[in-house]
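> Contents of query_39.tsv (TSV, C-alpha atoms) are below:
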chain	number	residue	atom	x	y	z
A	1490	MET	CA	20.68	-2.76	-2.54
A	1491	LYS	CA	19.39	-4.54	0.58
A	1492	GLU	CA	17.19	-1.56	1.43
A	1493	LEU	CA	15.78	-1.45	-2.11
A	1494	ILE	CA	14.91	-5.17	-2.07
A	1495	SER	CA	13.34	-4.82	1.38
A	1496	HIS	CA	11.26	-1.87	0.21
A	1497	LEU	CA	10.20	-3.76	-2.95
A	1498	LEU	CA	9.01	-6.74	-0.91
A	1499	LYS	CA	7.05	-4.41	1.37
A	1500	GLN	CA	5.40	-2.85	-1.67
A	1501	VAL	CA	4.47	-6.29	-3.06
A	1502	ALA	CA	3.02	-7.31	0.31
A	1503	ALA	CA	1.01	-4.08	0.46
A	1504	ILE	CA	-0.38	-4.68	-3.05
A	1505	LEU	CA	-1.39	-8.24	-2.11
A	1506	GLU	CA	-3.15	-6.91	0.98
A	1507	TYR	CA	-5.13	-4.49	-1.18
A	1508	VAL	CA	-6.04	-7.28	-3.63
A	1509	ILE	CA	-7.28	-9.52	-0.80
A	1510	ALA	CA	-9.19	-6.61	0.74
A	1511	PHE	CA	-10.79	-5.87	-2.64
A	1512	MET	CA	-11.91	-9.50	-3.06
A	1513	LEU	CA	-13.30	-9.52	0.48
A	1514	ALA	CA	-15.18	-6.28	-0.25
A	1515	ILE	CA	-16.76	-7.81	-3.36
A	1516	GLY	CA	-17.82	-10.86	-1.33
A	1517	ILE	CA	-19.37	-8.69	1.39
A	1518	ILE	CA	-21.25	-6.60	-1.19
A	1519	LEU	CA	-22.69	-9.75	-2.79
A	1520	LEU	CA	-23.72	-11.15	0.60
A	1521	CYS	CA	-25.37	-7.84	1.48
A	1522	LEU	CA	-27.38	-7.96	-1.74
A	1523	ARG	CA	-28.38	-11.54	-0.96
A	1524	MET	CA	-29.58	-10.52	2.50
A	1525	VAL	CA	-31.59	-7.61	1.06
A	1526	CYS	CA	-33.36	-9.99	-1.30
A	1527	SER	CA	-34.07	-12.41	1.58
A	1528	LEU	CA	-35.60	-9.89	4.00
A	1529	GLN	CA	-39.11	-10.82	2.84
A	1530	TYR	CA	-38.76	-14.22	4.53
A	1531	ILE	CA	-37.93	-12.89	8.01
A	1532	PRO	CA	-41.55	-12.99	9.35
A	1533	ASN	CA	-41.59	-16.75	8.73
A	1534	LEU	CA	-39.55	-18.21	11.60
A	1535	ASN	CA	-39.22	-21.56	9.82
A	1536	THR	CA	-37.58	-20.07	6.73
A	1537	TYR	CA	-34.06	-18.73	6.34
A	1538	PRO	CA	-33.26	-16.08	7.31
A	1539	ASN	CA	-35.07	-15.64	10.60
A	1540	TYR	CA	-34.07	-12.95	13.06
A	1541	ASP	CA	-31.22	-14.94	14.62
A	1542	ASP	CA	-29.80	-15.75	11.19
A	1543	LEU	CA	-30.01	-12.10	10.16
A	1544	LEU	CA	-28.25	-10.98	13.33
A	1545	GLU	CA	-25.45	-13.52	12.90
A	1546	VAL	CA	-24.88	-12.69	9.24
A	1547	CYS	CA	-24.85	-8.94	9.96
A	1548	PHE	CA	-22.23	-9.42	12.67
A	1549	ASN	CA	-20.12	-11.49	10.28
A	1550	LEU	CA	-20.40	-8.80	7.59
A	1551	ILE	CA	-19.41	-6.07	10.07
A	1552	ILE	CA	-16.36	-8.10	11.12
A	1553	GLY	CA	-15.51	-8.51	7.42
A	1554	VAL	CA	-15.70	-4.74	6.91
A	1555	GLU	CA	-13.40	-4.18	9.88
A	1556	LEU	CA	-10.97	-6.73	8.41
A	1557	ILE	CA	-10.88	-4.67	5.21
A	1558	ARG	CA	-10.06	-1.56	7.24
A	1559	MET	CA	-7.33	-3.47	9.06
A	1560	MET	CA	-5.71	-4.44	5.74
A	1561	TYR	CA	-5.42	-0.91	4.36
A	1562	SER	CA	-4.90	0.87	7.68
A	1563	HIS	CA	-2.15	-0.74	9.72
A	1564	SER	CA	-3.00	0.68	13.11
A	1565	PRO	CA	-3.79	-0.79	16.54
A	1566	SER	CA	-7.25	0.82	16.48
A	1567	THR	CA	-8.39	-1.30	13.51
A	1568	VAL	CA	-7.22	-4.50	15.22
A	1569	PHE	CA	-9.09	-3.32	18.32
A	1570	GLU	CA	-12.31	-2.89	16.32
A	1571	VAL	CA	-12.07	-6.39	14.80
A	1572	LEU	CA	-11.54	-8.01	18.19
A	1573	LEU	CA	-14.29	-5.91	19.77
A	1574	PHE	CA	-16.91	-6.96	17.20
A	1575	ALA	CA	-15.78	-10.61	17.32
A	1576	ILE	CA	-16.17	-10.73	21.11
A	1577	ALA	CA	-19.47	-8.81	21.01
A	1578	ARG	CA	-20.78	-11.27	18.40
A	1579	HIS	CA	-19.91	-14.18	20.68
A	1580	ILE	CA	-21.61	-12.59	23.69
A	1581	ILE	CA	-24.81	-11.71	21.82
A	1582	MET	CA	-25.16	-14.87	19.73
A	1583	ASP	CA	-23.98	-17.43	22.29
A	1584	HIS	CA	-26.59	-18.20	24.97
A	1585	THR	CA	-24.92	-21.27	26.45
A	1586	SER	CA	-23.63	-19.98	29.78
A	1587	ILE	CA	-23.64	-16.88	31.97
A	1588	TYR	CA	-19.97	-17.53	32.66
A	1589	SER	CA	-19.16	-17.43	28.97
A	1590	SER	CA	-20.87	-14.03	28.70
A	1591	LEU	CA	-19.01	-12.81	31.78
A	1592	ILE	CA	-15.67	-13.81	30.25
A	1593	GLY	CA	-16.65	-11.96	27.07
A	1594	VAL	CA	-17.53	-8.80	29.00
A	1595	CYS	CA	-14.22	-9.00	30.90
A	1596	SER	CA	-12.40	-9.42	27.57
A	1597	ILE	CA	-14.02	-6.24	26.24
A	1598	ALA	CA	-13.00	-4.41	29.42
A	1599	VAL	CA	-9.41	-5.60	28.95
A	1600	LEU	CA	-9.47	-4.38	25.33
A	1601	PHE	CA	-10.61	-0.90	26.37
A	1602	ALA	CA	-8.00	-0.76	29.14
A	1603	THR	CA	-5.32	-1.84	26.67
A	1604	ARG	CA	-6.34	0.86	24.18
A	1605	LYS	CA	-6.35	3.55	26.87
A	1606	PHE	CA	-3.07	2.74	28.61
A	1607	LEU	CA	-0.89	0.75	26.21
A	1608	PHE	CA	-1.46	2.14	22.71
A	1609	SER	CA	1.31	4.48	21.51
A	1610	GLU	CA	2.53	6.09	18.29
A	1611	PHE	CA	5.41	3.60	18.11
A	1612	ASP	CA	2.85	0.88	17.40
A	1613	ILE	CA	2.16	2.40	14.00
A	1614	ALA	CA	5.63	3.09	12.69
A	1615	ASP	CA	7.70	1.53	9.93
A	1616	GLU	CA	11.45	1.60	10.55
A	1617	THR	CA	14.17	1.20	7.91
A	1618	VAL	CA	17.93	1.46	8.45
A	1619	PHE	CA	20.10	3.17	5.80
A	1620	ARG	CA	23.79	3.97	5.51
A	1621	ALA	CA	24.49	7.48	6.77
A	1622	SER	CA	25.94	8.31	3.34
A	1623	THR	CA	22.64	7.62	1.58
A	1624	LYS	CA	21.25	10.66	-0.21
A	1625	ALA	CA	18.20	12.19	1.47
A	1626	LYS	CA	16.45	12.58	-1.89
A	1627	VAL	CA	16.89	8.85	-2.56
A	1628	VAL	CA	15.32	7.95	0.79
A	1629	ASN	CA	12.43	10.34	0.09
A	1630	LYS	CA	11.78	8.54	-3.17
A	1631	ILE	CA	12.09	5.02	-1.74
A	1632	LEU	CA	9.93	5.55	1.35
A	1633	SER	CA	7.63	8.28	0.01
A	1634	VAL	CA	8.54	10.67	2.83
A	1635	SER	CA	9.51	14.35	2.90
A	1636	ILE	CA	12.86	14.75	4.60
A	1637	PRO	CA	13.89	18.42	4.13
A	1638	HIS	CA	17.28	18.58	2.45
A	1639	GLU	CA	19.56	20.79	0.38
A	1640	ALA	CA	21.01	19.70	-2.97
A	1641	ASP	CA	22.95	16.47	-2.41
A	1642	ASP	CA	22.57	16.23	1.37
A	1643	THR	CA	23.08	12.79	2.86
A	1644	LEU	CA	21.03	11.49	5.77
A	1645	SER	CA	24.03	12.21	7.99
A	1646	ASN	CA	24.18	15.84	6.82
A	1647	VAL	CA	20.47	16.37	7.49
A	1648	LEU	CA	20.45	14.69	10.89
A	1649	LEU	CA	23.66	16.35	12.15
A	1650	ARG	CA	22.44	19.78	11.08
A	1651	HIS	CA	19.18	19.41	13.03
A	1652	LEU	CA	20.84	17.80	16.05
A	1653	GLU	CA	23.24	20.76	16.24
A	1654	GLU	CA	20.31	23.19	16.09
A	1655	GLN	CA	18.76	21.40	19.08
A	1656	ASN	CA	22.11	21.09	20.93
A	1657	ILE	CA	21.79	17.29	20.93
A	1658	THR	CA	24.95	15.20	21.02
A	1659	PRO	CA	25.13	12.70	18.11
A	1660	ARG	CA	24.88	9.32	19.84
A	1661	VAL	CA	23.04	6.05	19.31
A	1662	GLY	CA	19.35	6.73	19.90
A	1663	ALA	CA	19.49	10.48	19.18
A	1664	CYS	CA	16.41	11.44	17.11
A	1665	TYR	CA	14.96	14.30	15.16
A	1666	TYR	CA	11.36	14.24	13.88
A	1667	PHE	CA	9.86	15.89	10.82
A	1668	HIS	CA	6.13	16.10	10.06
A	1669	ASP	CA	5.84	12.63	8.48
A	1670	CYS	CA	9.00	10.81	9.56
A	1671	GLY	CA	11.97	10.84	11.89
A	1672	LEU	CA	15.70	10.16	11.75
A	1673	ARG	CA	17.45	8.21	14.51
A	1674	VAL	CA	21.12	7.40	14.96
A	1675	ALA	CA	21.27	3.61	14.72
A	1676	LYS	CA	25.04	3.01	14.78
A	1677	LEU	CA	28.31	4.88	15.31
A	1678	HIS	CA	31.73	3.90	13.92
A	1679	ASP	CA	34.86	5.65	15.22
A	1680	GLY	CA	32.67	8.38	16.63
A	1681	LYS	CA	30.91	9.04	13.31
A	1682	ILE	CA	27.36	8.13	12.34
A	1683	SER	CA	27.42	5.06	10.09
A	1684	ARG	CA	23.77	3.92	10.15
A	1685	ILE	CA	20.60	5.99	10.38
A	1686	GLN	CA	17.12	4.65	11.04
A	1687	VAL	CA	14.27	6.29	9.16
A	1688	ILE	CA	11.04	6.07	11.17
A	1689	ARG	CA	7.96	6.49	9.02
A	1690	ALA	CA	4.52	6.88	10.59
A	1691	ILE	CA	1.77	4.67	9.13
A	1692	HIS	CA	-1.78	6.09	9.12
Would you mind writing the file out in C-alpha coordinates?

Amino acid sequence: MKELISHLLKQVAAILEYVIAFMLAIGIILLCLRMVCSLQYIPNLNTYPNYDDLLEVCFNLIIGVELIRMMYSHSPSTVFEVLLFAIARHIIMDHTSIYSSLIGVCSIAVLFATRKFLFSEFDIADETVFRASTKAKVVNKILSVSIPHEADDTLSNVLLRHLEEQNITPRVGACYYFHDCGLRVAKLHDGKISRIQVIRAIH
(Lines of atoms letter the chains of each structure in order from A and count residues from 1; the text may use other names and numbers.)
(Lines give C-alpha, C1' and ligand atoms only; values in the text may rest on other atoms or scores of the structure.)
Protein backbone atom coordinates (compact mmCIF):
# COMPACT_ATOMS: atom_id res chain seq x y z
CA MET A 1 0.00 0.00 0.00
CA LYS A 2 2.85 2.38 0.88
CA GLU A 3 4.43 1.82 -2.53
CA LEU A 4 1.12 2.48 -4.30
CA ILE A 5 0.56 5.75 -2.41
CA SER A 6 4.15 6.82 -3.10
CA HIS A 7 3.74 6.07 -6.80
CA LEU A 8 0.39 7.95 -6.89
CA LEU A 9 1.96 11.06 -5.35
CA LYS A 10 4.81 10.89 -7.88
CA GLN A 11 2.27 10.72 -10.69
CA VAL A 12 0.36 13.73 -9.31
CA ALA A 13 3.62 15.70 -9.00
CA ALA A 14 4.54 14.78 -12.58
CA ILE A 15 1.13 15.94 -13.86
CA LEU A 16 1.49 19.25 -12.00
CA GLU A 17 4.92 19.73 -13.56
CA TYR A 18 3.43 19.23 -17.02
CA VAL A 19 0.62 21.69 -16.26
CA ILE A 20 3.09 24.35 -15.10
CA ALA A 21 5.31 23.68 -18.12
CA PHE A 22 2.28 24.04 -20.41
CA MET A 23 1.32 27.39 -18.86
CA LEU A 24 4.91 28.61 -19.15
CA ALA A 25 4.96 27.54 -22.81
CA ILE A 26 1.79 29.52 -23.51
CA GLY A 27 3.31 32.58 -21.83
CA ILE A 28 6.52 32.28 -23.87
CA ILE A 29 4.55 31.92 -27.12
CA LEU A 30 2.54 35.07 -26.34
CA LEU A 31 5.71 37.01 -25.47
CA CYS A 32 7.33 35.84 -28.71
CA LEU A 33 4.34 37.10 -30.69
CA ARG A 34 4.54 40.42 -28.85
CA MET A 35 8.23 40.75 -29.72
CA VAL A 36 7.55 39.95 -33.39
CA CYS A 37 4.96 42.74 -33.51
CA SER A 38 7.40 45.15 -31.83
CA LEU A 39 10.38 44.57 -34.15
CA GLN A 40 9.40 47.59 -36.25
CA TYR A 41 10.40 49.90 -33.39
CA ILE A 42 13.98 48.61 -33.02
CA PRO A 43 15.61 51.28 -35.28
CA ASN A 44 14.32 53.97 -32.90
CA LEU A 45 16.67 53.79 -29.91
CA ASN A 46 14.29 55.85 -27.77
CA THR A 47 11.38 53.43 -28.19
CA TYR A 48 10.91 50.00 -26.65
CA PRO A 49 12.27 47.61 -27.68
CA ASN A 50 15.74 48.78 -28.63
CA TYR A 51 18.54 46.32 -29.24
CA ASP A 52 19.44 45.87 -25.56
CA ASP A 53 15.80 45.24 -24.67
CA LEU A 54 15.48 42.70 -27.48
CA LEU A 55 18.62 40.89 -26.36
CA GLU A 56 17.47 40.74 -22.73
CA VAL A 57 13.99 39.50 -23.59
CA CYS A 58 15.37 36.84 -25.95
CA PHE A 59 17.69 35.54 -23.23
CA ASN A 60 14.78 35.41 -20.80
CA LEU A 61 12.67 33.50 -23.33
CA ILE A 62 15.50 31.02 -23.97
CA ILE A 63 15.86 30.43 -20.23
CA GLY A 64 12.10 29.88 -20.06
CA VAL A 65 12.30 27.28 -22.83
CA GLU A 66 15.09 25.48 -20.98
CA LEU A 67 12.96 25.53 -17.82
CA ILE A 68 10.19 23.77 -19.76
CA ARG A 69 12.67 21.11 -20.87
CA MET A 70 13.85 20.71 -17.28
CA MET A 71 10.28 20.05 -16.12
CA TYR A 72 9.54 17.23 -18.55
CA SER A 73 13.07 15.81 -18.73
CA HIS A 74 14.51 15.20 -15.29
CA SER A 75 18.17 15.00 -16.20
CA PRO A 76 21.33 16.84 -15.11
CA SER A 77 21.89 18.07 -18.67
CA THR A 78 18.70 20.18 -18.64
CA VAL A 79 19.68 21.78 -15.32
CA PHE A 80 23.10 22.45 -16.85
CA GLU A 81 21.53 24.23 -19.83
CA VAL A 82 19.38 26.47 -17.60
CA LEU A 83 22.35 27.50 -15.47
CA LEU A 84 24.54 28.01 -18.54
CA PHE A 85 22.08 30.40 -20.21
CA ALA A 86 21.43 32.24 -16.92
CA ILE A 87 25.15 32.86 -16.38
CA ALA A 88 25.71 33.76 -20.05
CA ARG A 89 22.83 36.26 -19.84
CA HIS A 90 24.45 37.90 -16.82
CA ILE A 91 27.84 38.13 -18.52
CA ILE A 92 26.48 39.60 -21.76
CA MET A 93 23.88 41.97 -20.29
CA ASP A 94 25.81 43.16 -17.23
CA HIS A 95 28.54 45.70 -18.06
CA THR A 96 29.27 46.85 -14.51
CA SER A 97 32.64 45.25 -13.82
CA ILE A 98 35.35 43.18 -15.47
CA TYR A 99 35.57 41.15 -12.29
CA SER A 100 31.90 40.27 -12.49
CA SER A 101 32.41 38.99 -16.05
CA LEU A 102 35.48 37.03 -14.94
CA ILE A 103 33.49 35.33 -12.18
CA GLY A 104 30.80 34.47 -14.74
CA VAL A 105 33.35 32.95 -17.12
CA CYS A 106 34.86 30.92 -14.26
CA SER A 107 31.35 29.73 -13.32
CA ILE A 108 30.78 28.48 -16.87
CA ALA A 109 34.14 26.68 -16.76
CA VAL A 110 33.12 25.01 -13.48
CA LEU A 111 29.81 23.94 -15.05
CA PHE A 112 31.57 22.30 -18.00
CA ALA A 113 34.06 20.58 -15.70
CA THR A 114 31.20 19.33 -13.53
CA ARG A 115 29.35 17.93 -16.56
CA LYS A 116 32.47 16.19 -17.85
CA PHE A 117 33.72 14.62 -14.63
CA LEU A 118 30.80 14.38 -12.19
CA PHE A 119 27.68 13.53 -14.21
CA SER A 120 26.68 9.85 -14.04
CA GLU A 121 23.70 7.63 -14.88
CA PHE A 122 22.81 7.42 -11.18
CA ASP A 123 21.86 11.09 -11.32
CA ILE A 124 18.87 10.25 -13.50
CA ALA A 125 17.39 7.26 -11.73
CA ASP A 126 14.21 6.75 -9.74
CA GLU A 127 14.48 4.15 -6.98
CA THR A 128 11.56 2.37 -5.29
CA VAL A 129 11.78 -0.38 -2.67
CA PHE A 130 9.30 -3.30 -2.78
CA ARG A 131 8.82 -6.45 -0.75
CA ALA A 132 10.62 -9.36 -2.35
CA SER A 133 7.28 -11.20 -2.54
CA THR A 134 5.74 -8.53 -4.78
CA LYS A 135 4.67 -9.87 -8.16
CA ALA A 136 6.88 -8.74 -11.04
CA LYS A 137 3.83 -8.04 -13.21
CA VAL A 138 2.46 -5.71 -10.52
CA VAL A 139 5.72 -3.75 -10.38
CA ASN A 140 5.74 -3.50 -14.19
CA LYS A 141 2.28 -1.98 -14.08
CA ILE A 142 3.01 0.42 -11.21
CA LEU A 143 6.33 1.75 -12.51
CA SER A 144 5.74 1.29 -16.25
CA VAL A 145 8.85 -0.86 -16.66
CA SER A 146 9.49 -4.17 -18.43
CA ILE A 147 10.92 -6.67 -15.97
CA PRO A 148 11.03 -10.04 -17.79
CA HIS A 149 9.10 -12.63 -15.81
CA GLU A 150 7.27 -15.92 -16.06
CA ALA A 151 3.65 -16.38 -14.94
CA ASP A 152 3.42 -15.36 -11.28
CA ASP A 153 7.11 -14.68 -10.66
CA THR A 154 7.89 -12.47 -7.69
CA LEU A 155 10.70 -9.91 -7.72
CA SER A 156 12.72 -12.36 -5.62
CA ASN A 157 12.23 -15.15 -8.19
CA VAL A 158 13.33 -12.91 -11.06
CA LEU A 159 16.35 -11.46 -9.29
CA LEU A 160 17.58 -14.79 -7.87
CA ARG A 161 17.28 -16.48 -11.25
CA HIS A 162 19.43 -13.83 -12.95
CA LEU A 163 21.93 -13.62 -10.10
CA GLU A 164 22.44 -17.39 -10.33
CA GLU A 165 23.01 -17.11 -14.09
CA GLN A 166 25.75 -14.56 -13.42
CA ASN A 167 27.19 -16.53 -10.45
CA ILE A 168 26.52 -13.58 -8.14
CA THR A 169 25.93 -14.26 -4.45
CA PRO A 170 22.61 -12.79 -3.21
CA ARG A 171 23.72 -10.08 -0.78
CA VAL A 172 22.77 -6.49 0.00
CA GLY A 173 23.82 -4.38 -2.98
CA ALA A 174 23.79 -7.21 -5.54
CA CYS A 175 22.23 -5.91 -8.78
CA TYR A 176 20.97 -7.09 -12.12
CA TYR A 177 20.04 -4.63 -14.90
CA PHE A 178 17.50 -4.98 -17.68
CA HIS A 179 17.14 -2.60 -20.63
CA ASP A 180 14.99 -0.01 -18.82
CA CYS A 181 15.42 -0.82 -15.11
CA GLY A 182 17.42 -2.75 -12.57
CA LEU A 183 16.82 -4.86 -9.48
CA ARG A 184 18.99 -4.49 -6.38
CA VAL A 185 18.94 -6.42 -3.12
CA ALA A 186 18.00 -3.82 -0.52
CA LYS A 187 17.60 -6.00 2.59
CA LEU A 188 18.15 -9.57 3.78
CA HIS A 189 16.28 -11.34 6.61
CA ASP A 190 17.58 -14.67 7.92
CA GLY A 191 19.67 -15.02 4.80
CA LYS A 192 16.71 -14.50 2.46
CA ILE A 193 15.93 -11.45 0.34
CA SER A 194 13.16 -9.43 2.01
CA ARG A 195 13.34 -6.09 0.18
CA ILE A 196 14.25 -5.35 -3.43
CA GLN A 197 14.98 -1.94 -4.88
CA VAL A 198 13.70 -1.27 -8.40
CA ILE A 199 15.93 1.27 -10.16
CA ARG A 200 14.20 2.95 -13.06
CA ALA A 201 16.12 5.16 -15.48
CA ILE A 202 14.56 8.56 -16.24
CA HIS A 203 15.14 10.00 -19.73
> Near Pro1659 of chain A, within 10 Å and counting all atoms listed in the file, which residues show up once chain neighbours fewer than 5 positions away are dropped, as a VMD selection string?
chain A and resid 1648 to 1649 1652 to 1653 1664 1673 to 1674 1677 1680 to 1682
> Could you state the separation of atom CA of Ile1576 of chain A and atom CA of Met1559 of chain A in Å, given to one decimal place?
16.6 Å
> Pick the closest to His1496 of chain A from A:Cys1670, A:Tyr1665, A:Val1618, A:Ala1625: which is it, counting only C-alpha atoms?
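Checking each candidate against His1496 of chain A, we get A:Val1618 as the closest.
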> Need the shell around Tyr1540 of chain A: protein/DNA/RNA residues with any atom at most 10 Å away, counting all atoms listed in the file. Skip same-chain ones fewer than 5 positions apart. Format as a list in words?
Leu1528, Tyr1530, Ile1531, Pro1532, Asn1533, Leu1534, Glu1545 and Val1546 of chain A
> Which residue is closest to Ile1509 of chain A? Choose from A:Lys1624, A:Arg1558, A:His1638, A:Lys1630 and count all atoms listed in the file.
A:Arg1558
> Smallest atom-to-atom distance to Gly1553 of chain A: which of A:Ile1597, A:Leu1572, A:Leu1672, A:Leu1607, using all atoms listed in the file?
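Among the listed residues, the smallest separation from Gly1553 of chain A belongs to A:Leu1572.
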